[in-house]
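Data block for run.txt (compact mmCIF, C-alpha atoms):
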# COMPACT_ATOMS: atom_id res chain seq x y z
CA MET A 1 19.92 -6.39 75.76
CA PRO A 2 19.31 -8.75 72.83
CA MET A 3 19.55 -7.28 69.32
CA THR A 4 15.88 -7.95 68.60
CA MET A 5 14.79 -5.31 71.12
CA ASN A 6 16.37 -2.51 69.02
CA GLU A 7 14.16 -3.07 66.01
CA ARG A 8 10.82 -2.53 67.65
CA PRO A 9 8.59 0.13 66.02
CA LEU A 10 8.39 3.45 67.87
CA SER A 11 5.47 5.79 68.39
CA PRO A 12 5.80 9.08 66.50
CA HIS A 13 7.55 11.80 68.51
CA LEU A 14 4.70 14.16 69.31
CA GLN A 15 6.95 17.23 69.60
CA ILE A 16 8.10 17.10 65.96
CA TYR A 17 5.06 15.42 64.42
CA LYS A 18 2.73 17.57 62.30
CA VAL A 19 -0.58 17.86 64.13
CA GLU A 20 -3.40 16.42 62.04
CA LEU A 21 -7.14 16.02 62.64
CA PRO A 22 -7.20 12.19 63.03
CA MET A 23 -4.58 12.18 65.79
CA MET A 24 -6.37 14.98 67.63
CA LEU A 25 -9.65 13.08 67.38
CA SER A 26 -7.95 9.94 68.66
CA GLY A 27 -6.67 11.83 71.69
CA LEU A 28 -10.09 13.42 72.16
CA HIS A 29 -11.69 9.96 72.24
CA ARG A 30 -9.54 9.03 75.23
CA ILE A 31 -9.97 12.40 76.96
CA THR A 32 -13.76 12.28 76.61
CA GLY A 33 -13.64 8.68 77.87
CA ILE A 34 -11.85 9.85 81.01
CA ALA A 35 -14.30 12.76 81.40
CA LEU A 36 -17.25 10.35 81.15
CA SER A 37 -15.68 8.05 83.74
CA VAL A 38 -15.47 10.99 86.14
CA GLY A 39 -19.00 11.97 85.09
CA SER A 40 -20.27 8.55 86.21
CA LEU A 41 -19.59 9.71 89.80
CA LEU A 42 -21.99 12.59 89.22
CA LEU A 43 -24.59 10.30 87.65
CA VAL A 44 -24.55 7.91 90.61
CA ALA A 45 -24.63 10.85 93.04
CA TRP A 46 -27.71 12.12 91.19
CA ILE A 47 -29.45 8.71 91.46
CA GLU A 48 -28.54 8.33 95.16
CA SER A 49 -29.74 11.82 96.06
CA ALA A 50 -33.00 11.39 94.14
CA VAL A 51 -33.79 8.13 95.93
CA TYR A 52 -32.49 8.85 99.45
CA SER A 53 -32.51 12.56 100.23
CA ALA A 54 -34.66 15.53 99.18
CA GLU A 55 -32.08 17.86 100.70
CA ALA A 56 -29.13 16.36 98.80
CA PHE A 57 -31.19 16.37 95.59
CA ALA A 58 -32.00 20.06 96.02
CA THR A 59 -28.32 20.87 96.69
CA LEU A 60 -27.18 18.91 93.65
CA SER A 61 -29.87 20.50 91.45
CA ARG A 62 -28.78 23.97 92.61
CA PHE A 63 -25.17 23.15 91.80
CA LEU A 64 -26.07 21.79 88.36
CA GLY A 65 -28.08 24.93 87.68
CA SER A 66 -25.14 27.20 88.56
CA PHE A 67 -22.76 28.47 85.89
CA ILE A 68 -20.04 25.94 86.75
CA GLY A 69 -22.60 23.14 86.97
CA GLN A 70 -24.05 24.03 83.57
CA LEU A 71 -20.55 24.20 82.09
CA MET A 72 -19.84 20.72 83.49
CA LEU A 73 -23.10 19.38 82.06
CA LEU A 74 -22.33 20.90 78.66
CA GLY A 75 -18.89 19.26 78.74
CA TRP A 76 -20.52 16.00 79.80
CA THR A 77 -23.07 16.19 76.96
CA PHE A 78 -20.33 16.91 74.44
CA SER A 79 -18.16 14.08 75.80
CA LEU A 80 -21.00 11.56 75.70
CA VAL A 81 -22.05 12.49 72.16
CA TYR A 82 -18.48 12.67 70.84
CA HIS A 83 -17.35 9.41 72.47
CA SER A 84 -20.46 7.64 71.11
CA ILE A 85 -20.19 8.93 67.53
CA SER A 86 -16.42 8.45 67.49
CA GLY A 87 -16.96 4.99 69.01
CA ILE A 88 -19.26 4.06 66.13
CA ARG A 89 -16.46 5.15 63.77
CA HIS A 90 -14.12 2.81 65.66
CA LEU A 91 -16.62 -0.05 65.31
CA ILE A 92 -16.79 0.57 61.54
CA TRP A 93 -12.98 0.42 61.42
CA ASP A 94 -13.14 -2.93 63.24
CA THR A 95 -15.18 -4.34 60.35
CA GLY A 96 -12.41 -3.22 57.96
CA GLY A 97 -14.35 -0.26 56.58
CA LEU A 98 -13.30 3.40 56.09
CA LEU A 99 -9.61 2.67 56.64
CA GLU A 100 -8.25 4.56 53.60
CA VAL A 101 -6.33 7.71 54.59
CA LYS A 102 -8.80 9.95 52.73
CA GLN A 103 -11.75 8.27 54.44
CA ILE A 104 -10.12 8.65 57.85
CA HIS A 105 -9.86 12.41 57.27
CA SER A 106 -13.40 12.80 55.88
CA SER A 107 -15.07 10.57 58.49
CA GLY A 108 -13.24 12.53 61.19
CA LYS A 109 -14.78 15.77 59.94
CA ILE A 110 -18.21 14.12 59.78
CA VAL A 111 -17.84 12.91 63.40
CA LEU A 112 -16.99 16.46 64.53
CA VAL A 113 -19.92 18.07 62.70
CA VAL A 114 -22.43 15.44 63.86
CA THR A 115 -21.15 15.78 67.44
CA ILE A 116 -21.56 19.55 67.47
CA VAL A 117 -25.05 19.38 65.91
CA LEU A 118 -26.27 16.68 68.32
CA THR A 119 -24.72 18.37 71.36
CA VAL A 120 -26.40 21.69 70.57
CA LEU A 121 -29.67 19.88 69.81
CA ALA A 122 -29.58 17.93 73.11
CA TRP A 123 -28.73 21.14 74.95
CA ILE A 124 -31.63 23.07 73.41
CA LEU A 125 -34.12 20.22 73.94
CA GLY A 126 -32.94 19.84 77.55
CA GLY A 127 -33.48 23.54 78.16
CA GLY A 128 -29.92 24.18 79.37
CA PHE A 129 -28.05 27.49 79.77
CA PRO A 130 -30.14 30.60 79.07
CA GLY A 131 -32.74 30.14 81.80
CA GLY A 132 -30.63 27.65 83.74
CA ALA A 133 -33.76 25.44 83.89
CA LEU A 134 -31.88 22.58 85.53
CA MET B 1 3.64 -12.91 62.76
CA ASN B 2 6.85 -11.09 61.96
CA HIS B 3 9.57 -12.66 64.09
CA LYS B 4 11.69 -9.51 63.77
CA TYR B 5 9.83 -7.92 66.71
CA ARG B 6 9.87 -10.91 69.07
CA THR B 7 12.49 -11.99 71.56
CA PRO B 8 14.11 -15.44 71.07
CA LEU B 9 12.47 -16.61 74.30
CA SER B 10 8.99 -15.61 73.14
CA ILE B 11 9.55 -17.37 69.78
CA ALA B 12 10.65 -20.53 71.61
CA ARG B 13 7.59 -20.45 73.87
CA GLY B 14 5.29 -19.69 70.94
CA LEU B 15 2.54 -18.43 73.23
CA GLY B 16 2.24 -14.79 72.25
CA SER B 17 2.28 -12.41 75.19
CA SER B 18 0.16 -14.87 77.23
CA LYS B 19 -1.85 -11.96 78.67
CA ASP B 20 -5.46 -11.04 78.08
CA GLY B 21 -5.26 -8.59 75.16
CA LEU B 22 -7.83 -10.32 72.95
CA GLY B 23 -10.30 -10.84 75.79
CA HIS B 24 -10.02 -7.17 76.73
CA TRP B 25 -10.44 -6.05 73.12
CA TRP B 26 -13.47 -8.28 72.66
CA LYS B 27 -15.21 -7.12 75.87
CA GLN B 28 -14.58 -3.51 74.86
CA ARG B 29 -16.36 -4.10 71.49
CA LEU B 30 -19.19 -6.07 73.12
CA THR B 31 -19.93 -3.30 75.61
CA SER B 32 -19.52 -0.63 72.87
CA VAL B 33 -22.20 -2.26 70.73
CA ALA B 34 -24.52 -2.66 73.75
CA LEU B 35 -23.98 1.00 74.66
CA VAL B 36 -25.12 2.39 71.29
CA PRO B 37 -28.87 1.89 71.97
CA LEU B 38 -28.42 2.40 75.74
CA VAL B 39 -26.81 5.83 75.24
CA VAL B 40 -29.62 6.88 72.88
CA TRP B 41 -32.13 5.87 75.58
CA PHE B 42 -30.11 7.66 78.26
CA VAL B 43 -29.81 10.95 76.35
CA VAL B 44 -33.52 10.98 75.43
CA SER B 45 -34.40 10.22 79.08
CA MET B 46 -32.12 12.91 80.51
CA ILE B 47 -33.62 15.47 78.11
CA ALA B 48 -37.09 14.44 79.28
CA LEU B 49 -36.04 14.67 82.96
CA ALA B 50 -34.18 18.00 82.67
CA GLY B 51 -35.81 20.62 84.85
CA GLN B 52 -38.14 18.11 86.57
CA ASP B 53 -38.47 18.12 90.35
CA ARG B 54 -37.57 15.19 92.63
CA ALA B 55 -41.10 13.76 92.80
CA GLN B 56 -41.29 13.60 89.01
CA VAL B 57 -37.85 11.98 88.77
CA LEU B 58 -38.87 9.39 91.39
CA SER B 59 -42.12 8.51 89.66
CA TRP B 60 -40.18 8.13 86.41
CA LEU B 61 -37.72 5.79 88.19
CA HIS B 62 -40.65 3.80 89.58
CA SER B 63 -41.34 2.30 86.14
CA PRO B 64 -39.84 -1.23 85.88
CA PHE B 65 -38.78 -0.53 82.29
CA HIS B 66 -36.79 2.55 83.24
CA ALA B 67 -35.32 0.82 86.31
CA VAL B 68 -34.12 -2.16 84.26
CA ILE B 69 -32.71 -0.15 81.35
CA PHE B 70 -31.11 2.40 83.69
CA SER B 71 -29.47 -0.44 85.67
CA LEU B 72 -28.19 -1.99 82.44
CA PHE B 73 -26.89 1.37 81.24
CA LEU B 74 -25.09 1.90 84.54
CA ILE B 75 -23.52 -1.57 84.69
CA VAL B 76 -22.45 -1.71 81.04
CA SER B 77 -21.06 1.83 81.00
CA LEU B 78 -19.11 1.35 84.26
CA TYR B 79 -17.71 -1.93 82.93
CA HIS B 80 -16.75 -0.22 79.67
CA ALA B 81 -15.22 2.75 81.52
CA ASN B 82 -13.20 0.41 83.72
CA LEU B 83 -11.82 -1.43 80.66
CA GLY B 84 -10.82 1.87 79.04
CA LEU B 85 -9.21 3.31 82.18
CA GLN B 86 -7.17 0.12 82.71
CA LYS B 87 -5.62 0.57 79.24
CA ILE B 88 -4.86 4.21 79.98
CA TYR B 89 -2.96 3.22 83.15
CA GLU B 90 -1.06 0.54 81.20
CA ASP B 91 -0.16 3.04 78.47
CA TYR B 92 0.76 6.13 80.48
CA VAL B 93 1.59 5.21 84.07
CA GLN B 94 5.24 4.20 84.29
CA ALA B 95 5.66 3.40 87.99
CA ARG B 96 4.42 -0.14 88.59
CA TRP B 97 3.09 0.59 92.09
CA LEU B 98 1.07 3.57 90.80
CA GLN B 99 -0.24 1.60 87.83
CA LEU B 100 -1.36 -1.24 90.08
CA SER B 101 -2.94 0.97 92.73
CA SER B 102 -4.80 3.02 90.07
CA SER B 103 -5.96 -0.23 88.53
CA PHE B 104 -7.22 -1.62 91.84
CA ALA B 105 -8.87 1.65 92.88
CA THR B 106 -10.70 1.92 89.55
CA HIS B 107 -11.92 -1.69 89.71
CA PHE B 108 -13.21 -1.14 93.24
CA ALA B 109 -14.81 2.22 92.40
CA ALA B 110 -16.59 0.79 89.35
CA VAL B 111 -18.05 -2.10 91.36
CA LEU B 112 -19.02 0.18 94.27
CA LEU B 113 -20.72 2.73 91.99
CA GLY B 114 -22.51 -0.06 90.12
CA PHE B 115 -23.83 -1.75 93.27
CA ALA B 116 -24.83 1.52 94.96
CA GLY B 117 -26.53 2.82 91.81
CA VAL B 118 -28.42 -0.37 90.99
CA PHE B 119 -29.46 -0.85 94.63
CA ALA B 120 -30.96 2.65 94.73
CA LEU B 121 -32.71 2.11 91.38
CA LEU B 122 -34.19 -1.20 92.55
CA LYS B 123 -35.23 0.27 95.91
CA GLN B 124 -37.16 2.97 94.09
CA ALA B 125 -38.61 0.50 91.55
CA PHE B 126 -39.82 -1.82 94.34
CA GLY B 127 -41.70 0.96 96.04
CA GLY B 128 -39.35 3.52 97.61
Is it possible to express this structure as structure tokens?
Amino acid sequence: MPMTMNERPLSPHLQIYKVELPMMLSGLHRITGIALSVGSLLLVAWIESAVYSAEAFATLSRFLGSFIGQLMLLGWTFSLVYHSISGIRHLIWDTGGLLEVKQIHSSGKIVLVVTIVLTVLAWILGGGFPGGAL
Amino acid sequence: MNHKYRTPLSIARGLGSSKDGLGHWWKQRLTSVALVPLVVWFVVSMIALAGQDRAQVLSWLHSPFHAVIFSLFLIVSLYHANLGLQKIYEDYVQARWLQLSSSFATHFAAVLLGFAGVFALLKQAFGG
């Protein structure tokens, strides 16, 4: 191999790297992105069943109202809210803003708090969980 | 550009990686910006539709406004999801055959879901 290949920068070794909030949030952005991609299957299934089949719609509604279904919907709501708020943080970074280390830590905490508040709010407004309205 | 990290061949060619990194990055930002208002619309709509029966959902979908915005939301979010998943395969999947087949499958699934979803939305909008 040519010499130049040896000097390339390496990613931090995760096993010995101190876990900090920004790196966890970065990982969470990707994980919620994957969850939302899988969730798009459910969304299209919901549209198809609504338009084509009363029976399929009833089955899907029953599943979404079950404990596992509600848990999935809660995870979906959280993923959508987190990925959106965190995505806005990424867009701000792209303009060159909030890139100081201190700001990265503080904006990360803000993203988490806003995500939890909005997720709970959406969940309450949508009437999820207690009665299993869905 | 720091030449320390480039191979002699790539310096001689002077073309960068000659792949589509910038185009991918740009499309990801474009769809992100478009999704900000679309996601707000989607969440508000899903809250409004939660607990409604099929007839109510169908009459809601009958509105041209909802049909158009829902179609846009579906297309832009599937496009955005596809872009993101492609990067994840490039970053984490080592075996070339698995990376390529995941890439193809995701492209196909995104297009299939988009067409099936939009077709159903339009069918309902044009009168069920």
Residue hits in chain B, query chain A, radius 7 Å, only C-alpha atoms, as number ranges by chain: B: 4-7, 47, 50-51, 54, 58, 81, 113, 117, 120, 124
Could you give me, as a VMD selection string, the residues within 12 Å of B:Leu112, counting all atoms listed in the file and dropping anything in the same chain fewer than 4 positions from it? (chain A and resid 40 to 41 44) or (chain B and resid 74 to 75 78 to 79 105 to 108 116 to 119)
Residue nearest A:His83 - candidates B:Gly84, B:Pro8, B:Leu61, B:Ala48, atoms counted: all atoms listed in the file: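 Selected residue with least distance to A:His83: B:Gly84.
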Restricting the calculation to all atoms listed in the file: of B:Lys19, B:Val43, B:Gly14, B:Leu72, which residue gets closest to A:Thr119?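 Closest to A:Thr119, using all atoms listed in the file: B:Val43.
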Top pick for closest residue to A:Arg89, considering B:Val36, B:Val44, B:Leu30, B:Ala12 and counting only C-alpha atoms: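 Distance minimum relative to A:Arg89 lands on B:Val36.
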